[in-house]
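Structure file data35.cif; described as mmCIF, C-alpha atoms.
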data_query
#
loop_
_atom_site.label_atom_id
_atom_site.label_comp_id
_atom_site.auth_asym_id
_atom_site.auth_seq_id
_atom_site.Cartn_x
_atom_site.Cartn_y
_atom_site.Cartn_z
CA MET A 1 -123.83 -7.34 25.41
CA ALA A 2 -123.98 -3.59 25.04
CA ASP A 3 -125.52 -1.61 27.88
CA SER A 4 -128.04 -0.17 25.42
CA ASP A 5 -129.21 -3.71 24.50
CA ARG A 6 -129.49 -4.70 28.16
CA ASP A 7 -131.46 -1.53 28.93
CA LEU A 8 -133.79 -2.16 25.99
CA LEU A 9 -134.54 -5.75 27.05
CA LEU A 10 -135.01 -4.86 30.71
CA SER A 11 -137.38 -2.03 29.79
CA ARG A 12 -139.60 -4.50 27.92
CA ILE A 13 -139.96 -7.09 30.69
CA ARG A 14 -142.89 -6.42 32.98
CA ASP A 15 -143.01 -7.52 36.60
CA VAL A 16 -146.40 -8.93 37.59
CA PRO A 17 -146.60 -9.23 41.39
CA ASP A 18 -148.48 -12.09 43.03
CA TRP A 19 -148.92 -14.08 39.84
CA PRO A 20 -149.54 -16.97 39.47
CA GLU A 21 -149.71 -17.06 43.26
CA PRO A 22 -149.12 -14.67 46.16
CA GLY A 23 -145.45 -13.86 46.76
CA VAL A 24 -144.32 -14.65 43.21
CA VAL A 25 -143.19 -11.88 40.86
CA PHE A 26 -143.81 -13.14 37.32
CA LYS A 27 -141.51 -11.87 34.58
CA ASP A 28 -143.80 -11.12 31.63
CA ILE A 29 -141.97 -11.06 28.29
CA THR A 30 -144.99 -10.20 26.14
CA PRO A 31 -143.99 -6.49 25.93
CA LEU A 32 -140.55 -7.62 24.67
CA LEU A 33 -142.16 -9.86 22.06
CA ARG A 34 -144.42 -6.99 20.96
CA ASP A 35 -141.49 -4.62 20.37
CA PRO A 36 -139.76 -5.45 17.05
CA ALA A 37 -136.40 -3.95 18.10
CA ALA A 38 -136.35 -5.73 21.46
CA PHE A 39 -137.46 -9.04 19.96
CA ASP A 40 -134.88 -8.82 17.16
CA THR A 41 -132.13 -7.97 19.65
CA THR A 42 -133.12 -10.94 21.81
CA VAL A 43 -133.06 -13.34 18.86
CA GLU A 44 -129.71 -12.01 17.65
CA LEU A 45 -128.06 -12.27 21.07
CA LEU A 46 -129.44 -15.73 21.84
CA GLY A 47 -128.28 -16.98 18.43
CA ALA A 48 -124.75 -15.78 19.14
CA VAL A 49 -124.48 -18.15 22.12
CA GLY A 50 -124.03 -21.20 19.89
CA GLY A 51 -121.49 -19.71 17.52
CA GLU A 52 -121.69 -20.03 13.76
CA ASP A 53 -122.01 -23.80 13.38
CA VAL A 54 -125.33 -24.85 14.94
CA ASP A 55 -127.31 -27.69 13.36
CA VAL A 56 -130.36 -27.65 15.63
CA VAL A 57 -131.92 -25.18 18.05
CA VAL A 58 -133.99 -26.63 20.87
CA GLY A 59 -136.82 -24.63 22.43
CA ILE A 60 -138.16 -25.67 25.83
CA GLU A 61 -141.95 -25.53 26.30
CA ALA A 62 -143.49 -23.06 26.05
CA ARG A 63 -141.81 -19.68 25.81
CA GLY A 64 -138.64 -21.36 24.58
CA PHE A 65 -140.62 -22.15 21.41
CA ILE A 66 -141.30 -18.44 20.86
CA LEU A 67 -137.61 -17.57 21.21
CA GLY A 68 -136.01 -20.70 19.79
CA ALA A 69 -137.81 -20.90 16.44
CA PRO A 70 -136.68 -17.46 15.21
CA VAL A 71 -133.15 -18.16 16.50
CA ALA A 72 -133.12 -21.36 14.42
CA HIS A 73 -134.38 -19.45 11.39
CA ARG A 74 -131.70 -16.79 11.78
CA LEU A 75 -128.97 -19.43 12.11
CA GLY A 76 -130.24 -21.55 9.21
CA ALA A 77 -130.69 -24.43 11.64
CA GLY A 78 -133.49 -26.86 12.34
CA PHE A 79 -135.80 -26.44 15.33
CA VAL A 80 -136.78 -29.11 17.86
CA PRO A 81 -139.39 -28.57 20.57
CA ILE A 82 -138.95 -30.11 24.00
CA ARG A 83 -142.46 -30.74 25.32
CA LYS A 84 -144.18 -31.64 28.53
CA GLN A 85 -144.97 -35.32 28.83
CA GLY A 86 -147.83 -36.55 26.62
CA LYS A 87 -147.81 -33.63 24.17
CA LEU A 88 -145.85 -35.15 21.27
CA PRO A 89 -147.68 -37.37 18.74
CA TRP A 90 -144.99 -39.94 17.97
CA ALA A 91 -142.37 -42.12 19.70
CA THR A 92 -140.50 -40.18 22.37
CA THR A 93 -137.71 -40.37 24.86
CA ALA A 94 -138.12 -38.69 28.24
CA ALA A 95 -136.24 -37.19 31.15
CA SER A 96 -137.67 -36.43 34.57
CA TYR A 97 -136.52 -33.87 37.09
CA ALA A 98 -137.42 -32.86 40.62
CA LEU A 99 -139.74 -30.02 41.47
CA GLU A 100 -140.21 -28.47 44.89
CA TYR A 101 -143.18 -30.79 45.47
CA GLY A 102 -142.98 -33.70 43.07
CA GLU A 103 -141.54 -34.41 39.67
CA ALA A 104 -141.98 -33.28 36.07
CA THR A 105 -141.14 -35.02 32.81
CA ILE A 106 -140.19 -33.62 29.42
CA GLU A 107 -140.05 -35.46 26.11
CA VAL A 108 -138.62 -35.22 22.63
CA HIS A 109 -139.16 -37.35 19.53
CA VAL A 110 -136.69 -40.24 19.34
CA ASP A 111 -135.46 -39.08 15.92
CA ALA A 112 -135.01 -35.40 16.86
CA PHE A 113 -131.19 -35.50 16.94
CA GLN A 114 -128.44 -37.27 15.07
CA PRO A 115 -125.12 -38.22 16.67
CA GLY A 116 -122.61 -35.40 16.41
CA GLU A 117 -125.13 -32.66 15.67
CA ARG A 118 -124.36 -29.32 17.31
CA VAL A 119 -127.32 -28.21 19.42
CA LEU A 120 -128.13 -24.82 20.95
CA ILE A 121 -130.75 -24.89 23.71
CA VAL A 122 -132.88 -21.75 24.13
CA ASP A 123 -135.29 -20.80 26.89
CA ASP A 124 -136.72 -17.70 28.45
CA VAL A 125 -135.85 -18.29 32.12
CA LEU A 126 -133.25 -20.23 34.06
CA ALA A 127 -134.69 -20.72 37.54
CA THR A 128 -133.79 -23.85 39.51
CA GLY A 129 -132.14 -25.49 36.50
CA GLY A 130 -134.09 -28.74 36.47
CA THR A 131 -135.72 -28.33 33.06
CA VAL A 132 -132.53 -27.21 31.35
CA ARG A 133 -130.54 -30.05 32.98
CA ALA A 134 -133.10 -32.60 31.76
CA THR A 135 -132.99 -31.07 28.27
CA VAL A 136 -129.19 -31.26 28.14
CA ASP A 137 -129.39 -34.91 29.22
CA LEU A 138 -131.95 -35.72 26.47
CA VAL A 139 -129.81 -34.13 23.77
CA ARG A 140 -126.64 -35.86 24.92
CA ALA A 141 -128.38 -39.25 25.28
CA ALA A 142 -129.11 -39.04 21.54
CA GLY A 143 -125.41 -38.54 20.83
CA ALA A 144 -125.68 -34.86 19.91
CA ASP A 145 -123.42 -32.15 21.31
CA VAL A 146 -124.76 -29.23 23.34
CA VAL A 147 -122.76 -26.20 22.15
CA GLY A 148 -124.53 -23.80 24.47
CA VAL A 149 -127.60 -22.77 26.40
CA GLY A 150 -128.98 -19.32 25.66
CA ILE A 151 -131.26 -17.88 28.32
CA LEU A 152 -133.13 -14.59 28.20
CA MET A 153 -133.36 -14.15 32.01
CA GLU A 154 -131.57 -15.95 34.79
CA LEU A 155 -133.07 -15.83 38.27
CA GLY A 156 -129.68 -16.02 39.96
CA PHE A 157 -131.06 -16.22 43.49
CA LEU A 158 -132.50 -19.67 42.69
CA GLY A 159 -129.09 -21.15 41.83
CA GLY A 160 -130.06 -23.04 38.67
CA ARG A 161 -126.65 -22.53 37.06
CA ALA A 162 -125.14 -24.84 39.70
CA LYS A 163 -126.93 -27.80 38.06
CA LEU A 164 -125.17 -27.04 34.76
CA PRO A 165 -121.42 -26.99 35.48
CA ASP A 166 -120.65 -28.92 32.28
CA VAL A 167 -122.57 -26.60 29.95
CA ASN A 168 -121.82 -23.21 28.38
CA VAL A 169 -124.75 -21.22 29.81
CA GLN A 170 -125.10 -17.60 28.72
CA SER A 171 -127.89 -15.49 30.13
CA LEU A 172 -128.72 -12.16 28.55
CA LEU A 173 -130.10 -10.79 31.81
CA LEU A 174 -129.47 -11.65 35.45
CA VAL A 175 -132.56 -10.67 37.46
#
Take the structure in the file and write it out as structure tokens.
Amino acid sequence: MADSDRDLLLSRIRDVPDWPEPGVVFKDITPLLRDPAAFDTTVELLGAVGGEDVDVVVGIEARGFILGAPVAHRLGAGFVPIRKQGKLPWATTAASYALEYGEATIEVHVDAFQPGERVLIVDDVLATGGTVRATVDLVRAAGADVVGVGILMELGFLGGRAKLPDVNVQSLLLV
């Protein structure tokens, strides 16, 4: 990525201290989404992660939807949302992952992927890696191939990449 692209994206991500709780610095991407040049650059760079032959782009709830759908459109691919448990209206398959205090579950429709399809996973943040790992596992369980994971921001200090040694993870920004 060009330094000018990196600078543009970084300049459009706002730090919000003590949100949603004291001690947390939330990375707000709404200024990036509001800026047409920054948003377009983000979509272009995330789309490049999967190469030219992507069948389906997956967006992880919720900001992954905002980024993944335009990536799919740009690539001429389909879009599949990965949702929190209980949010999809039809038959689903699920994967659970550990949180600091408990567990979370994500779901996808059982017919979302076909064997052999090439899938690009897109999300806004890679933190501890649990959600992305569970998403990779859901895609692969359906027989599809994960060609890459495109991340806007990676919180490197949380070590999420370590949970994904078998996946091509490319983060646009390491923060």
Exercise. Let me know the residues the PyMOL selection byres ((chain A and resi 41) around 12) catches in the file above, as a PyMOL selection string.
Key: chain A and resi 1-2+4-10+12+32-33+35-40+42-48+67+70-71+74+152+172
Quiz item: Neighbours of Leu155 (chain A) within 10 Å (all atoms listed in the file; same-chain residues fewer than 4 positions away dropped), as a VMD selection string?
Solution: chain A and resid 125 to 129 159 to 161 171 173 to 175
Quiz item: Which is closest to Glu117 (chain A) among A:Asp28, A:Asp53, A:Glu61, A:Asp18, if we use all atoms listed in the file?
Solution: A:Asp53
Practice problem: List, as a PyMOL selection string, every residue that the PyMOL selection byres ((chain A and resi 146) around 7) selects in the file provided. | Solution: chain A and resi 118-120+136+144-145+147-148
Quiz item: What residues come out when you apply the PyMOL selection byres ((chain A and resi 138) around 10) to this file, written as a list in words?
Solution: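 Checked against the file, the PyMOL selection byres ((chain A and resi 138) around 10) matches Ile82, Thr93, Ala94, Ala95, Ser96, Ile106, Glu107, Val108, Val110, Phe113, Val132, Arg133, Ala134, Thr135, Val136, Asp137, Val139, Arg140, Ala141, Ala142, Gly143 and Ala144 of chain A.
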Could you work out an axis-aligned bounding box for all listed atoms of region 3-21 of chain A, with 5 Å added on each of the six sides, and give its centre and edge lengths in Å to one decimal, as lines of an AutoDock Vina configuration file?
center_x = -137.6
center_y = -8.6
center_z = 33.9
size_x = 34.2
size_y = 26.9
size_z = 28.8
Practice problem: For CA of Glu103 (chain A) and CA of Gly150 (chain A), determine how far apart the two atoms are, in Å to one decimal place. | Solution: 24.1 Å
Quiz item: To one decimal place, how far is CA of Lys27 (chain A) from CA of Phe79 (chain A) in Å?
Solution: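 So the answer is 24.8 Å.
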Quiz item: Once you count all atoms listed in the file, which residues end up no further than 6 Å from (-131.0, -29.7, 18.7) in the file's frame, shown as a ChimeraX atom specification?
Solution: /A:56-58,80,119
